[in-house]
Amino acid sequence: EKGWTCGTSVCGRGQYDGYAIYPKRFSVNITSHIEFYLARGVDVVVLLSTRDRTISHNSKFSSHCKIEEVVKDEDEMALTLMKEALKKYGKGGSKVKDGKPRAIAVSYEAMIGLKQAYLNNLYVNLGINSTYAPKFEDGNEKYISGKTGGESKSTIGSLVTSAVKSFPPKPLSSPLIQTEEKIL
């Protein structure tokens with residue numbers, strides 16, 4: 001898919017003149033993004049959201065890119081950029097200072113399976129003091145083949161939920177998961 005866009009549905013009609021113009025399909029270099037903000041004194045942490053590769057592919061192909069080769073190339077580029085960011089700025093990364101990671105991988109499927117427990121852990125890792133709990137809805141269901149009506153769960157979400165039931169968490173003195181019990 002070629003062409004340029006300002007990122008709005010009315011791009012090119014004069015309403016958003018002066019906005020940056022981007023190619024319709026592009027990837028963000030996560031590492032240079034982190035470095036840009038660190039150089040300006042911004043305390044930046046990037047969340048790298050991962051999804052089941054098959055579901056991610058099906059989602060992209062069905063909703064906004066019908067060119068198989070482009071879908072595959074973009075997926076590979078995204079993984080390459082994420083790996084680079086984690087290698088340099090993830091926990092134990094070569095450019096991590098003071099032990100504070102700047103790139104943290106999070107899993108959509110784990111979040112859907114673990115729900116609030118996963119989100120609370122993420123809050124702790126990011127230093128966010130919150131107990132906010134959204135309604136968790138599995139957006140993957142529509143991409144799972146063989147769905148036969150009724151409630152369907154992704155395989156990963158079901159496995160994560162089963163693992164949590166098999167290994168119940170230790171009692172905590174606070175409503176948030178303790179830092180030592182990090183999932184990430």
# chains A, B, ... in the order shown; residues from 1 in each chain; ligands from 1
call {"tool": "residues_around", "arguments": {"residues": "region 53-70 of chain A", "least_positions_apart": "6", "cutoff": "9 Å", "atoms": "only C-alpha atoms", "output": "list in words"}}
result
Glu1, Asn140, Lys142, Tyr143 and Ile144 of chain A
call {"tool": "write_last_selection", "arguments": {"atoms": "C-alpha atoms", "output": "tab-separated table (two decimals), in the first residue's frame"}}
result
chain	number	residue	atom	x	y	z
A	1	GLU	CA	0.00	0.00	0.00
A	140	ASN	CA	-8.69	-12.51	19.74
A	142	LYS	CA	-12.90	-13.53	16.22
A	143	TYR	CA	-9.56	-14.67	14.75
A	144	ILE	CA	-9.64	-18.20	16.15
call {"tool": "select_by_dssp", "arguments": {"residues": "region 64-161 of chain A", "states": "strand (DSSP E or B)", "output": "number ranges by chain"}}
result
A: 103-107
call {"tool": "closest_residue", "arguments": {"among": "A:Glu84, A:Asp138, A:Asp98, A:Glu35", "to": "Leu48 (chain A)", "atoms": "only C-alpha atoms"}}
result
A:Glu84
call {"tool": "atom_distance", "arguments": {"atom1": "CA of Lys88 (chain A)", "atom2": "CA of Asn129 (chain A)"}}
result
27.0 Å
call {"tool": "residues_around", "arguments": {"residues": "Met82 (chain A)", "least_positions_apart": "5", "cutoff": "12 Å", "atoms": "only C-alpha atoms", "output": "list in words"}}
result
Ser27, Val28, Asn29, Ile30, Thr31, Ser32, His33, Ile34, Val46, Leu47, Leu48, Ser49, Thr50, Asp75, Glu76, Met77, Lys87, Lys88, Tyr89, Gly90, Arg102, Ala103, Ile104, Ala105 and Val106 of chain A
call {"tool": "write_last_selection", "arguments": {"atoms": "C-alpha atoms", "output": "short mmCIF file (atom, residue, chain, number, x, y, z; two decimals), in the first residue's frame"}}
result
data_model
loop_
_atom_site.label_atom_id
_atom_site.label_comp_id
_atom_site.auth_asym_id
_atom_site.auth_seq_id
_atom_site.Cartn_x
_atom_site.Cartn_y
_atom_site.Cartn_z
CA SER A 27 7.42 1.06 11.55
CA VAL A 28 8.73 3.07 14.49
CA ASN A 29 12.35 2.48 15.47
CA ILE A 30 11.82 1.90 19.19
CA THR A 31 15.48 2.23 20.15
CA SER A 32 15.95 5.60 18.48
CA HIS A 33 12.63 6.73 19.99
CA ILE A 34 13.91 5.91 23.49
CA VAL A 46 8.26 1.89 26.27
CA LEU A 47 5.81 -1.01 26.47
CA LEU A 48 6.29 -3.50 23.66
CA SER A 49 2.91 -5.12 23.18
CA THR A 50 3.14 -8.66 21.86
CA ASP A 75 5.65 -8.55 11.33
CA GLU A 76 9.31 -9.47 10.91
CA MET A 77 10.34 -5.81 11.06
CA LYS A 87 18.67 -6.07 23.88
CA LYS A 88 19.68 -2.46 24.52
CA TYR A 89 17.04 -1.15 26.92
CA GLY A 90 15.27 -4.21 28.38
CA ARG A 102 13.37 1.42 29.31
CA ALA A 103 11.75 -1.30 27.18
CA ILE A 104 9.31 -3.78 28.72
CA ALA A 105 7.60 -6.56 26.76
CA VAL A 106 3.96 -7.18 27.65
#
call {"tool": "atom_distance", "arguments": {"atom1": "CA of Ala110 (chain A)", "atom2": "CA of Lys97 (chain A)"}}
result
28.0 Å
call {"tool": "select_by_dssp", "arguments": {"residues": "region 72-161 of chain A", "states": "helix (DSSP H, G or I)", "output": "short mmCIF file (atom, residue, chain, number, x, y, z; two decimals) with C-alpha atoms, in the first residue's frame"}}
result
data_model
loop_
_atom_site.label_atom_id
_atom_site.label_comp_id
_atom_site.auth_asym_id
_atom_site.auth_seq_id
_atom_site.Cartn_x
_atom_site.Cartn_y
_atom_site.Cartn_z
CA LYS A 72 4.84 -10.87 6.81
CA ASP A 73 7.53 -8.23 6.21
CA GLU A 74 5.94 -5.83 8.69
CA ASP A 75 5.65 -8.55 11.33
CA GLU A 76 9.31 -9.47 10.91
CA MET A 77 10.34 -5.81 11.06
CA ALA A 78 8.31 -5.30 14.25
CA LEU A 79 9.99 -8.30 15.89
CA THR A 80 13.44 -7.10 14.81
CA LEU A 81 12.81 -3.62 16.25
CA MET A 82 11.44 -5.07 19.50
CA LYS A 83 14.39 -7.44 19.92
CA GLU A 84 16.83 -4.58 19.37
CA ALA A 85 15.03 -2.41 21.95
CA LEU A 86 15.01 -5.24 24.51
CA LYS A 87 18.67 -6.07 23.88
CA LYS A 88 19.68 -2.46 24.52
CA TYR A 89 17.04 -1.15 26.92
CA TYR A 108 -1.82 -9.36 25.26
CA GLU A 109 -2.75 -13.01 25.77
CA ALA A 110 -1.22 -13.10 29.27
CA MET A 111 -3.11 -9.94 30.19
CA ILE A 112 -6.41 -11.39 28.93
CA GLY A 113 -5.77 -14.61 30.89
CA LEU A 114 -4.48 -13.08 34.13
CA GLN A 116 -6.15 -7.64 37.03
CA ALA A 117 -3.21 -9.63 38.47
CA TYR A 118 -1.20 -8.97 35.30
CA LEU A 119 -2.21 -5.32 35.18
CA ASN A 120 -1.33 -4.79 38.86
CA ASN A 121 2.12 -6.27 38.22
CA LEU A 122 2.56 -3.94 35.27
CA TYR A 123 1.55 -0.96 37.44
CA VAL A 124 4.22 -1.91 40.00
CA ASN A 125 6.91 -2.35 37.32
CA LEU A 126 6.09 1.08 35.90
CA GLU A 141 -11.84 -14.64 19.69
CA LYS A 142 -12.90 -13.53 16.22
CA TYR A 143 -9.56 -14.67 14.75
CA THR A 155 -5.41 -21.31 23.87
CA ILE A 156 -2.76 -19.14 25.50
CA GLY A 157 -5.32 -17.32 27.65
CA SER A 158 -6.76 -20.66 28.77
CA LEU A 159 -3.31 -22.06 29.59
CA VAL A 160 -2.38 -18.96 31.57
CA THR A 161 -5.66 -19.08 33.48
#
